[in-house]
>>> print(open('final_9.cif').read())   # mmCIF, C-alpha atoms
data_run
#
loop_
_atom_site.group_PDB
_atom_site.id
_atom_site.type_symbol
_atom_site.label_atom_id
_atom_site.label_comp_id
_atom_site.auth_asym_id
_atom_site.auth_seq_id
_atom_site.Cartn_x
_atom_site.Cartn_y
_atom_site.Cartn_z
ATOM 1 C CA MET A 1 52.468 42.921 -47.297
ATOM 2 C CA ALA A 2 49.794 44.861 -49.134
ATOM 3 C CA GLU A 3 50.890 48.206 -50.498
ATOM 4 C CA ARG A 4 49.107 51.091 -48.811
ATOM 5 C CA TYR A 5 46.862 53.415 -50.759
ATOM 6 C CA SER A 6 46.186 56.610 -48.842
ATOM 7 C CA SER A 7 46.002 60.310 -49.662
ATOM 8 C CA PHE A 8 47.834 61.026 -46.382
ATOM 9 C CA ARG A 9 51.525 60.877 -45.698
ATOM 10 C CA SER A 10 51.734 57.614 -43.818
ATOM 11 C CA GLY A 11 54.023 57.580 -40.825
ATOM 12 C CA SER A 12 53.642 61.177 -39.610
ATOM 13 C CA THR A 13 52.202 62.094 -36.206
ATOM 14 C CA ALA A 14 49.308 63.996 -37.831
ATOM 15 C CA TRP A 15 48.549 60.933 -39.995
ATOM 16 C CA LEU A 16 48.347 58.720 -36.899
ATOM 17 C CA LEU A 17 46.329 61.267 -34.864
ATOM 18 C CA GLN A 18 43.855 61.639 -37.755
ATOM 19 C CA ARG A 19 43.157 57.895 -37.504
ATOM 20 C CA ILE A 20 43.100 57.707 -33.696
ATOM 21 C CA THR A 21 40.618 60.623 -33.534
ATOM 22 C CA ALA A 22 38.610 58.954 -36.340
ATOM 23 C CA ALA A 23 38.220 55.749 -34.310
ATOM 24 C CA PHE A 24 37.043 57.782 -31.286
ATOM 25 C CA LEU A 25 34.730 60.014 -33.340
ATOM 26 C CA VAL A 26 33.021 57.096 -35.114
ATOM 27 C CA VAL A 27 31.683 55.961 -31.740
ATOM 28 C CA VAL A 28 31.050 59.330 -30.057
ATOM 29 C CA LEU A 29 29.457 61.059 -33.072
ATOM 30 C CA ALA A 30 27.040 58.134 -33.484
ATOM 31 C CA PHE A 31 26.268 58.271 -29.735
ATOM 32 C CA HIS A 32 25.775 62.077 -29.888
ATOM 33 C CA PHE A 33 23.310 61.840 -32.790
ATOM 34 C CA PHE A 34 21.416 58.961 -31.196
ATOM 35 C CA ASN A 35 21.296 60.617 -27.766
ATOM 36 C CA LEU A 36 20.145 64.056 -28.963
ATOM 37 C CA HIS A 37 17.749 63.042 -31.734
ATOM 38 C CA PHE A 38 16.291 59.696 -30.673
ATOM 39 C CA VAL A 39 16.643 59.439 -26.867
ATOM 40 C CA THR A 40 15.934 63.172 -26.443
ATOM 41 C CA HIS A 41 14.390 64.776 -29.536
ATOM 42 C CA ALA A 42 16.250 67.883 -30.727
ATOM 43 C CA ALA A 43 13.045 69.934 -30.495
ATOM 44 C CA ASP A 44 12.710 69.016 -26.800
ATOM 45 C CA ILE A 45 16.201 70.149 -25.798
ATOM 46 C CA GLU A 46 16.200 72.674 -22.955
ATOM 47 C CA PHE A 47 18.896 74.249 -20.809
ATOM 48 C CA ALA A 48 17.832 72.255 -17.725
ATOM 49 C CA GLY A 49 18.111 68.923 -19.547
ATOM 50 C CA SER A 50 21.472 69.848 -21.059
ATOM 51 C CA GLN A 51 22.671 70.888 -17.599
ATOM 52 C CA ALA A 52 21.569 67.562 -16.098
ATOM 53 C CA ARG A 53 23.534 65.687 -18.768
ATOM 54 C CA MET A 54 26.620 67.917 -18.501
ATOM 55 C CA GLN A 55 26.754 67.645 -14.697
ATOM 56 C CA ASN A 56 27.624 63.968 -15.122
ATOM 57 C CA VAL A 57 31.442 64.122 -15.061
ATOM 58 C CA GLY A 58 31.864 61.214 -17.492
ATOM 59 C CA TYR A 59 29.508 62.849 -20.007
ATOM 60 C CA PHE A 60 31.171 66.264 -19.560
ATOM 61 C CA VAL A 61 34.657 64.823 -20.153
ATOM 62 C CA THR A 62 33.400 62.834 -23.162
ATOM 63 C CA MET A 63 31.841 65.964 -24.705
ATOM 64 C CA VAL A 64 35.012 68.040 -24.187
ATOM 65 C CA LEU A 65 37.101 65.226 -25.706
ATOM 66 C CA PHE A 66 34.529 65.081 -28.536
ATOM 67 C CA LEU A 67 35.047 68.816 -29.153
ATOM 68 C CA VAL A 68 38.859 68.601 -29.113
ATOM 69 C CA THR A 69 39.112 65.478 -31.299
ATOM 70 C CA ALA A 70 36.452 66.686 -33.783
ATOM 71 C CA THR A 71 38.187 70.059 -34.106
ATOM 72 C CA PHE A 72 41.580 68.434 -34.694
ATOM 73 C CA HIS A 73 40.147 65.871 -37.133
ATOM 74 C CA GLY A 74 38.214 68.529 -39.078
ATOM 75 C CA VAL A 75 40.900 71.197 -39.180
ATOM 76 C CA ASN A 76 43.629 68.686 -40.036
ATOM 77 C CA GLY A 77 41.323 67.186 -42.664
ATOM 78 C CA ILE A 78 40.829 70.573 -44.321
ATOM 79 C CA TYR A 79 44.572 71.195 -44.192
ATOM 80 C CA ASN A 80 45.266 67.837 -45.856
ATOM 81 C CA ALA A 81 42.633 68.571 -48.509
ATOM 82 C CA LEU A 82 44.295 71.933 -49.261
ATOM 83 C CA VAL A 83 47.746 70.313 -49.427
ATOM 84 C CA ASN A 84 46.335 67.694 -51.819
ATOM 85 C CA GLN A 85 44.963 70.582 -53.914
ATOM 86 C CA GLY A 86 48.584 71.678 -54.263
ATOM 87 C CA ILE A 87 49.039 74.724 -51.961
ATOM 88 C CA GLU A 88 52.683 75.530 -51.221
ATOM 89 C CA GLY A 89 54.901 78.174 -49.633
ATOM 90 C CA ASN A 90 53.088 81.199 -48.185
ATOM 91 C CA ALA A 91 49.643 79.770 -48.935
ATOM 92 C CA LYS A 92 50.546 76.617 -47.015
ATOM 93 C CA ARG A 93 51.896 78.654 -44.092
ATOM 94 C CA ALA A 94 48.780 80.879 -44.107
ATOM 95 C CA ALA A 95 46.538 77.783 -44.074
ATOM 96 C CA GLN A 96 48.461 76.419 -41.068
ATOM 97 C CA VAL A 97 48.108 79.697 -39.131
ATOM 98 C CA VAL A 98 44.454 80.416 -40.035
ATOM 99 C CA LEU A 99 43.291 76.842 -39.413
ATOM 100 C CA GLY A 100 45.371 76.568 -36.232
ATOM 101 C CA VAL A 101 43.940 79.810 -34.794
ATOM 102 C CA ALA A 102 40.376 78.959 -35.886
ATOM 103 C CA GLY A 103 40.660 75.508 -34.302
ATOM 104 C CA LEU A 104 42.050 76.927 -31.070
ATOM 105 C CA LEU A 105 39.275 79.561 -30.857
ATOM 106 C CA LEU A 106 36.656 76.874 -31.485
ATOM 107 C CA VAL A 107 37.997 74.697 -28.662
ATOM 108 C CA VAL A 108 38.202 77.658 -26.244
ATOM 109 C CA GLN A 109 34.645 78.790 -27.058
ATOM 110 C CA GLY A 110 33.370 75.202 -26.914
ATOM 111 C CA ILE A 111 34.863 74.709 -23.449
ATOM 112 C CA ARG A 112 33.264 78.019 -22.300
ATOM 113 C CA VAL A 113 29.922 76.653 -23.564
ATOM 114 C CA ALA A 114 30.485 73.298 -21.832
ATOM 115 C CA ILE A 115 31.227 75.049 -18.523
ATOM 116 C CA ALA A 116 28.180 77.347 -18.899
ATOM 117 C CA LEU A 117 25.887 74.400 -19.688
ATOM 118 C CA ALA A 118 27.243 72.349 -16.792
ATOM 119 C CA GLY A 119 26.916 75.312 -14.420
ATOM 120 C CA PHE A 120 30.415 74.754 -12.999
ATOM 121 C CA MET B 1 48.947 40.628 -53.233
ATOM 122 C CA SER B 2 47.330 43.933 -53.965
ATOM 123 C CA GLN B 3 48.755 46.682 -56.114
ATOM 124 C CA SER B 4 48.359 50.425 -56.394
ATOM 125 C CA TYR B 5 47.070 52.129 -59.505
ATOM 126 C CA ASP B 6 48.029 55.463 -61.064
ATOM 127 C CA ARG B 7 44.677 56.895 -62.049
ATOM 128 C CA GLY B 8 45.930 60.461 -62.353
ATOM 129 C CA LEU B 9 44.951 63.478 -60.266
ATOM 130 C CA ILE B 10 41.646 63.106 -58.436
ATOM 131 C CA GLU B 11 41.768 66.846 -57.679
ATOM 132 C CA ASP B 12 41.174 67.414 -61.399
ATOM 133 C CA PHE B 13 37.384 67.325 -61.027
ATOM 134 C CA GLY B 14 36.947 67.906 -64.768
ATOM 135 C CA ARG B 15 37.737 64.187 -65.126
ATOM 136 C CA TRP B 16 34.699 63.198 -63.049
ATOM 137 C CA ARG B 17 33.239 61.023 -65.812
ATOM 138 C CA GLU B 18 36.322 58.770 -65.531
ATOM 139 C CA PHE B 19 36.126 58.457 -61.723
ATOM 140 C CA THR B 20 35.974 54.935 -60.287
ATOM 141 C CA ALA B 21 34.104 53.877 -57.098
ATOM 142 C CA GLY B 22 37.117 54.532 -54.874
ATOM 143 C CA MET B 23 37.559 58.020 -56.333
ATOM 144 C CA TRP B 24 33.883 58.846 -55.690
ATOM 145 C CA ALA B 25 34.329 57.583 -52.128
ATOM 146 C CA TRP B 26 37.271 60.002 -51.766
ATOM 147 C CA VAL B 27 35.248 62.921 -53.192
ATOM 148 C CA PHE B 28 32.223 62.167 -50.971
ATOM 149 C CA HIS B 29 34.415 61.794 -47.888
ATOM 150 C CA LYS B 30 36.042 65.200 -48.530
ATOM 151 C CA PHE B 31 32.690 66.865 -49.236
ATOM 152 C CA THR B 32 31.017 65.430 -46.113
ATOM 153 C CA GLY B 33 34.117 66.351 -44.086
ATOM 154 C CA TRP B 34 33.877 70.008 -45.216
ATOM 155 C CA VAL B 35 30.175 70.064 -44.288
ATOM 156 C CA LEU B 36 30.813 68.513 -40.850
ATOM 157 C CA ILE B 37 33.595 70.924 -39.834
ATOM 158 C CA GLY B 38 31.508 73.844 -41.122
ATOM 159 C CA TYR B 39 28.600 72.588 -39.051
ATOM 160 C CA LEU B 40 30.796 72.198 -35.946
ATOM 161 C CA PHE B 41 31.573 75.943 -36.019
ATOM 162 C CA THR B 42 27.850 76.720 -36.487
ATOM 163 C CA HIS B 43 26.877 74.278 -33.727
ATOM 164 C CA ILE B 44 29.199 75.881 -31.170
ATOM 165 C CA ALA B 45 27.943 79.342 -32.246
ATOM 166 C CA VAL B 46 24.316 78.313 -31.574
ATOM 167 C CA LEU B 47 25.202 76.604 -28.272
ATOM 168 C CA SER B 48 27.046 79.801 -27.253
ATOM 169 C CA THR B 49 23.635 81.308 -26.500
ATOM 170 C CA SER B 50 23.910 79.282 -23.261
ATOM 171 C CA LEU B 51 26.409 81.950 -22.113
ATOM 172 C CA GLN B 52 23.486 84.437 -22.122
ATOM 173 C CA GLY B 53 21.439 82.233 -19.800
ATOM 174 C CA ALA B 54 18.774 79.532 -19.940
ATOM 175 C CA GLU B 55 16.037 81.717 -21.434
ATOM 176 C CA THR B 56 18.093 82.806 -24.458
ATOM 177 C CA PHE B 57 19.338 79.238 -24.987
ATOM 178 C CA ASN B 58 15.831 77.736 -24.842
ATOM 179 C CA SER B 59 14.226 80.343 -27.112
ATOM 180 C CA THR B 60 17.053 79.968 -29.671
ATOM 181 C CA ILE B 61 16.819 76.160 -29.798
ATOM 182 C CA GLN B 62 13.012 76.171 -29.866
ATOM 183 C CA GLY B 63 12.953 78.933 -32.504
ATOM 184 C CA LEU B 64 15.323 76.996 -34.775
ATOM 185 C CA GLU B 65 13.580 73.649 -34.247
ATOM 186 C CA SER B 66 10.192 75.202 -35.134
ATOM 187 C CA LEU B 67 11.479 75.900 -38.665
ATOM 188 C CA ALA B 68 10.764 73.123 -41.187
ATOM 189 C CA LEU B 69 13.880 74.154 -43.134
ATOM 190 C CA VAL B 70 16.072 73.506 -40.082
ATOM 191 C CA ARG B 71 14.512 70.038 -39.653
ATOM 192 C CA LEU B 72 15.233 69.220 -43.300
ATOM 193 C CA LEU B 73 18.805 70.500 -42.944
ATOM 194 C CA GLU B 74 19.167 68.220 -39.906
ATOM 195 C CA VAL B 75 18.178 65.245 -42.080
ATOM 196 C CA GLY B 76 20.860 66.368 -44.536
ATOM 197 C CA LEU B 77 23.357 66.632 -41.688
ATOM 198 C CA LEU B 78 22.439 63.097 -40.573
ATOM 199 C CA ALA B 79 23.041 61.802 -44.115
ATOM 200 C CA VAL B 80 26.413 63.537 -44.266
ATOM 201 C CA ALA B 81 27.453 62.318 -40.789
ATOM 202 C CA VAL B 82 26.316 58.709 -41.333
ATOM 203 C CA PHE B 83 28.141 58.460 -44.671
ATOM 204 C CA HIS B 84 31.312 60.010 -43.177
ATOM 205 C CA ILE B 85 31.170 57.536 -40.259
ATOM 206 C CA LEU B 86 30.554 54.448 -42.432
ATOM 207 C CA ASN B 87 33.086 55.398 -45.095
ATOM 208 C CA GLY B 88 35.489 56.365 -42.282
ATOM 209 C CA ILE B 89 35.219 52.837 -40.854
ATOM 210 C CA ARG B 90 35.865 51.526 -44.386
ATOM 211 C CA LEU B 91 38.985 53.742 -44.632
ATOM 212 C CA LEU B 92 40.281 52.641 -41.222
ATOM 213 C CA PHE B 93 40.006 48.995 -42.292
ATOM 214 C CA VAL B 94 41.719 49.688 -45.626
ATOM 215 C CA ASP B 95 44.535 51.521 -43.782
ATOM 216 C CA LEU B 96 44.893 48.448 -41.552
ATOM 217 C CA GLY B 97 45.280 46.381 -44.719
ATOM 218 C CA VAL B 98 41.817 44.791 -44.518
ATOM 219 C CA GLY B 99 39.383 44.813 -47.423
ATOM 220 C CA LEU B 100 41.388 46.725 -50.025
ATOM 221 C CA GLU B 101 40.333 44.261 -52.723
ATOM 222 C CA SER B 102 36.649 44.833 -52.004
ATOM 223 C CA GLN B 103 36.875 48.578 -51.329
ATOM 224 C CA ASP B 104 34.418 49.335 -54.146
ATOM 225 C CA LYS B 105 31.812 46.981 -52.648
ATOM 226 C CA SER B 106 32.278 48.457 -49.162
ATOM 227 C CA PHE B 107 31.776 51.949 -50.658
ATOM 228 C CA TYR B 108 28.475 50.865 -52.232
ATOM 229 C CA ALA B 109 27.499 49.231 -48.923
ATOM 230 C CA SER B 110 28.248 52.537 -47.122
ATOM 231 C CA LEU B 111 25.992 54.397 -49.560
ATOM 232 C CA VAL B 112 23.110 51.921 -49.247
ATOM 233 C CA LEU B 113 23.340 51.743 -45.445
ATOM 234 C CA THR B 114 23.453 55.550 -45.243
ATOM 235 C CA GLY B 115 20.297 55.723 -47.372
ATOM 236 C CA VAL B 116 18.480 53.148 -45.223
ATOM 237 C CA ILE B 117 19.424 54.822 -41.912
ATOM 238 C CA VAL B 118 18.493 58.306 -43.173
ATOM 239 C CA VAL B 119 15.127 57.236 -44.618
ATOM 240 C CA ALA B 120 14.306 55.333 -41.406
ATOM 241 C CA SER B 121 15.195 58.442 -39.346
ATOM 242 C CA VAL B 122 13.116 60.963 -41.303
ATOM 243 C CA PRO B 123 9.912 60.541 -39.208
ATOM 244 C CA THR B 124 11.830 61.154 -35.958
ATOM 245 C CA PHE B 125 13.637 64.199 -37.354
ATOM 246 C CA VAL B 126 10.613 65.981 -38.828
ATOM 247 C CA SER B 127 7.945 65.082 -36.242
ATOM 248 C CA GLY B 128 5.956 68.157 -35.243
ATOM 249 C CA ALA B 129 7.609 70.415 -37.827
ATOM 250 C CA PHE B 130 4.927 70.300 -40.537
#
>>> encode(input="final_9.cif", output="structure tokens")
Amino acid sequence: MAERYSSFRSGSTAWLLQRITAAFLVVVLAFHFFNLHFVTHAADIEFAGSQARMQNVGYFVTMVLFLVTATFHGVNGIYNALVNQGIEGNAKRAAQVVLGVAGLLLVVQGIRVAIALAGF
Amino acid sequence: MSQSYDRGLIEDFGRWREFTAGMWAWVFHKFTGWVLIGYLFTHIAVLSTSLQGAETFNSTIQGLESLALVRLLEVGLLAVAVFHILNGIRLLFVDLGVGLESQDKSFYASLVLTGVIVVASVPTFVSGAF
């Protein structure tokens, strides 16, 4: 068995979720870029077109999942980077609270945007 | 049978001249990760104009896309995202125990492929901006 080399603590739930969200994001981020830069050029994006896309339930659910997984992956990634930098004690606790609140606010605002764009 | 190496603290960036390929991959992955999460907050902020109605949303998007600087930043964002995706795939395979011995080659491949994809995408990203 090959010995693992990873900057993460292998075996924790956050470690596993970071990888599961990564596998999802690899596909959806590539799709998102391709869809909104090559299929529809970014300069041509309008509310009506976004609404047409977001009214497709599958697309809407995918975008909300994209938001939630990207937020978790990014916020948890920053937290891991800070822990690797050596933060401890109060600084570590503060990072957990600030990043947790920021991530939650981002998801709430993102879902408000998704609902507004879809016109639900 | 692979083995792990003690190369010292990678967080000690003053040692950058001693960094190996895998350490550069780690640094680039962190850097692109910071950029992507920073962009996600900005992205949702811009898209929040949709809460003010279609007219505000359209004028915001069109105003931003008319700026050459924004188009160039989008090319930069593409480079950052493509590298993070390709190196992320490399990391997932390494975590699954596949390709650890050739992790330096797969890092170089990620860099080259990122460069090719970004250069090929430049015309699409900047069309109509200059």
>>> residues_around(input="final_9.cif", residues="Tyr59 of chain A", least_positions_apart="5", cutoff="12 Å", atoms="only C-alpha atoms", output="list in words")
Val28, Phe31, His32, Asn35, Ser50, Gln51, Ala52, Arg53, Met54, Val64, Leu65, Phe66, Ala114 and Ala118 of chain A
>>> interface_residues(input="final_9.cif", of="chain A", to="chain B", cutoff="8 Å", atoms="all atoms listed in the file", output="ChimeraX atom specification")
/A:1-6,19,22-23,26,30,33,37-38,41-48,70-71,74-75,77-78,81,84-85,106,109-110,112-113,116-117
>>> atom_distance(input="final_9.cif", atom1="atom CA of Val61 of chain A", atom2="atom CA of Leu105 of chain A")
18.8 Å
>>> axis_aligned_box(input="final_9.cif", around="segment 49-64 of chain A", padding_each_side="8 Å", output="lines of an AutoDock Vina configuration file")
center_x = 26.6
center_y = 66.1
center_z = -19.7
size_x = 32.9
size_y = 25.7
size_z = 26.0
>>> resolve_selection(input="final_9.cif", expression="the PyMOL selection byres ((chain A and resi 14) around 12)", output="list in words")
Phe8, Arg9, Ser10, Gly11, Ser12, Thr13, Trp15, Leu16, Leu17, Gln18, Arg19, Ile20, Thr21, Ala22, Phe72, His73, Val75, Asn76, Gly77, Tyr79 and Asn80 of chain A
>>> atom_distance(input="final_9.cif", atom1="atom CA of Val27 of chain B", atom2="atom CA of Arg15 of chain B")
12.3 Å
>>> atom_distance(input="final_9.cif", atom1="atom CA of Trp16 of chain B", atom2="atom CA of His29 of chain B")
15.2 Å
>>> build_atoms(input="final_9.cif", residues="segment 85-106 of chain B", atoms="N, CA and C atoms", output="JSON list (two decimals), keeping the file's coordinate frame")
[["chain", "number", "residue", "atom", "x", "y", "z"],
["B", 85, "ILE", "N", 30.85, 58.57, -41.25],
["B", 85, "ILE", "CA", 31.17, 57.54, -40.26],
["B", 85, "ILE", "C", 31.41, 56.18, -40.95],
["B", 86, "LEU", "N", 30.45, 55.77, -41.80],
["B", 86, "LEU", "CA", 30.55, 54.45, -42.43],
["B", 86, "LEU", "C", 31.74, 54.37, -43.38],
["B", 87, "ASN", "N", 31.94, 55.42, -44.19],
["B", 87, "ASN", "CA", 33.09, 55.40, -45.10],
["B", 87, "ASN", "C", 34.39, 55.54, -44.31],
["B", 88, "GLY", "N", 34.31, 56.24, -43.15],
["B", 88, "GLY", "CA", 35.49, 56.36, -42.28],
["B", 88, "GLY", "C", 35.91, 55.01, -41.73],
["B", 89, "ILE", "N", 34.92, 54.20, -41.33],
["B", 89, "ILE", "CA", 35.22, 52.84, -40.85],
["B", 89, "ILE", "C", 35.87, 52.04, -41.98],
["B", 90, "ARG", "N", 35.32, 52.20, -43.19],
["B", 90, "ARG", "CA", 35.86, 51.53, -44.39],
["B", 90, "ARG", "C", 37.34, 51.94, -44.60],
["B", 91, "LEU", "N", 37.62, 53.25, -44.44],
["B", 91, "LEU", "CA", 38.98, 53.74, -44.63],
["B", 91, "LEU", "C", 39.93, 53.22, -43.56],
["B", 92, "LEU", "N", 39.43, 53.15, -42.31],
["B", 92, "LEU", "CA", 40.28, 52.64, -41.22],
["B", 92, "LEU", "C", 40.67, 51.19, -41.50],
["B", 93, "PHE", "N", 39.70, 50.40, -41.97],
["B", 93, "PHE", "CA", 40.01, 49.00, -42.29],
["B", 93, "PHE", "C", 41.00, 48.89, -43.45],
["B", 94, "VAL", "N", 40.80, 49.72, -44.48],
["B", 94, "VAL", "CA", 41.72, 49.69, -45.63],
["B", 94, "VAL", "C", 43.13, 50.07, -45.18],
["B", 95, "ASP", "N", 43.22, 51.10, -44.28],
["B", 95, "ASP", "CA", 44.54, 51.52, -43.78],
["B", 95, "ASP", "C", 45.19, 50.43, -42.94],
["B", 96, "LEU", "N", 44.35, 49.57, -42.33],
["B", 96, "LEU", "CA", 44.89, 48.45, -41.55],
["B", 96, "LEU", "C", 45.21, 47.25, -42.46],
["B", 97, "GLY", "N", 44.96, 47.44, -43.76],
["B", 97, "GLY", "CA", 45.28, 46.38, -44.72],
["B", 97, "GLY", "C", 44.17, 45.37, -44.89],
["B", 98, "VAL", "N", 42.96, 45.72, -44.42],
["B", 98, "VAL", "CA", 41.82, 44.79, -44.52],
["B", 98, "VAL", "C", 40.81, 45.31, -45.54],
["B", 99, "GLY", "N", 40.47, 44.49, -46.51],
["B", 99, "GLY", "CA", 39.38, 44.81, -47.42],
["B", 99, "GLY", "C", 39.72, 45.71, -48.59],
["B", 100, "LEU", "N", 41.02, 45.86, -48.90],
["B", 100, "LEU", "CA", 41.39, 46.72, -50.02],
["B", 100, "LEU", "C", 40.82, 46.19, -51.34],
["B", 101, "GLU", "N", 40.81, 44.86, -51.46],
["B", 101, "GLU", "CA", 40.33, 44.26, -52.72],
["B", 101, "GLU", "C", 38.84, 44.49, -52.95],
["B", 102, "SER", "N", 38.09, 44.64, -51.85],
["B", 102, "SER", "CA", 36.65, 44.83, -52.00],
["B", 102, "SER", "C", 36.23, 46.24, -51.59],
["B", 103, "GLN", "N", 37.17, 47.21, -51.76],
["B", 103, "GLN", "CA", 36.88, 48.58, -51.33],
["B", 103, "GLN", "C", 35.74, 49.21, -52.12],
["B", 104, "ASP", "N", 35.54, 48.77, -53.38],
["B", 104, "ASP", "CA", 34.42, 49.34, -54.15],
["B", 104, "ASP", "C", 33.08, 48.83, -53.58],
["B", 105, "LYS", "N", 33.05, 47.55, -53.21],
["B", 105, "LYS", "CA", 31.81, 46.98, -52.65],
["B", 105, "LYS", "C", 31.49, 47.63, -51.30],
["B", 106, "SER", "N", 32.53, 47.86, -50.48],
["B", 106, "SER", "CA", 32.28, 48.46, -49.16],
["B", 106, "SER", "C", 31.84, 49.91, -49.31]]
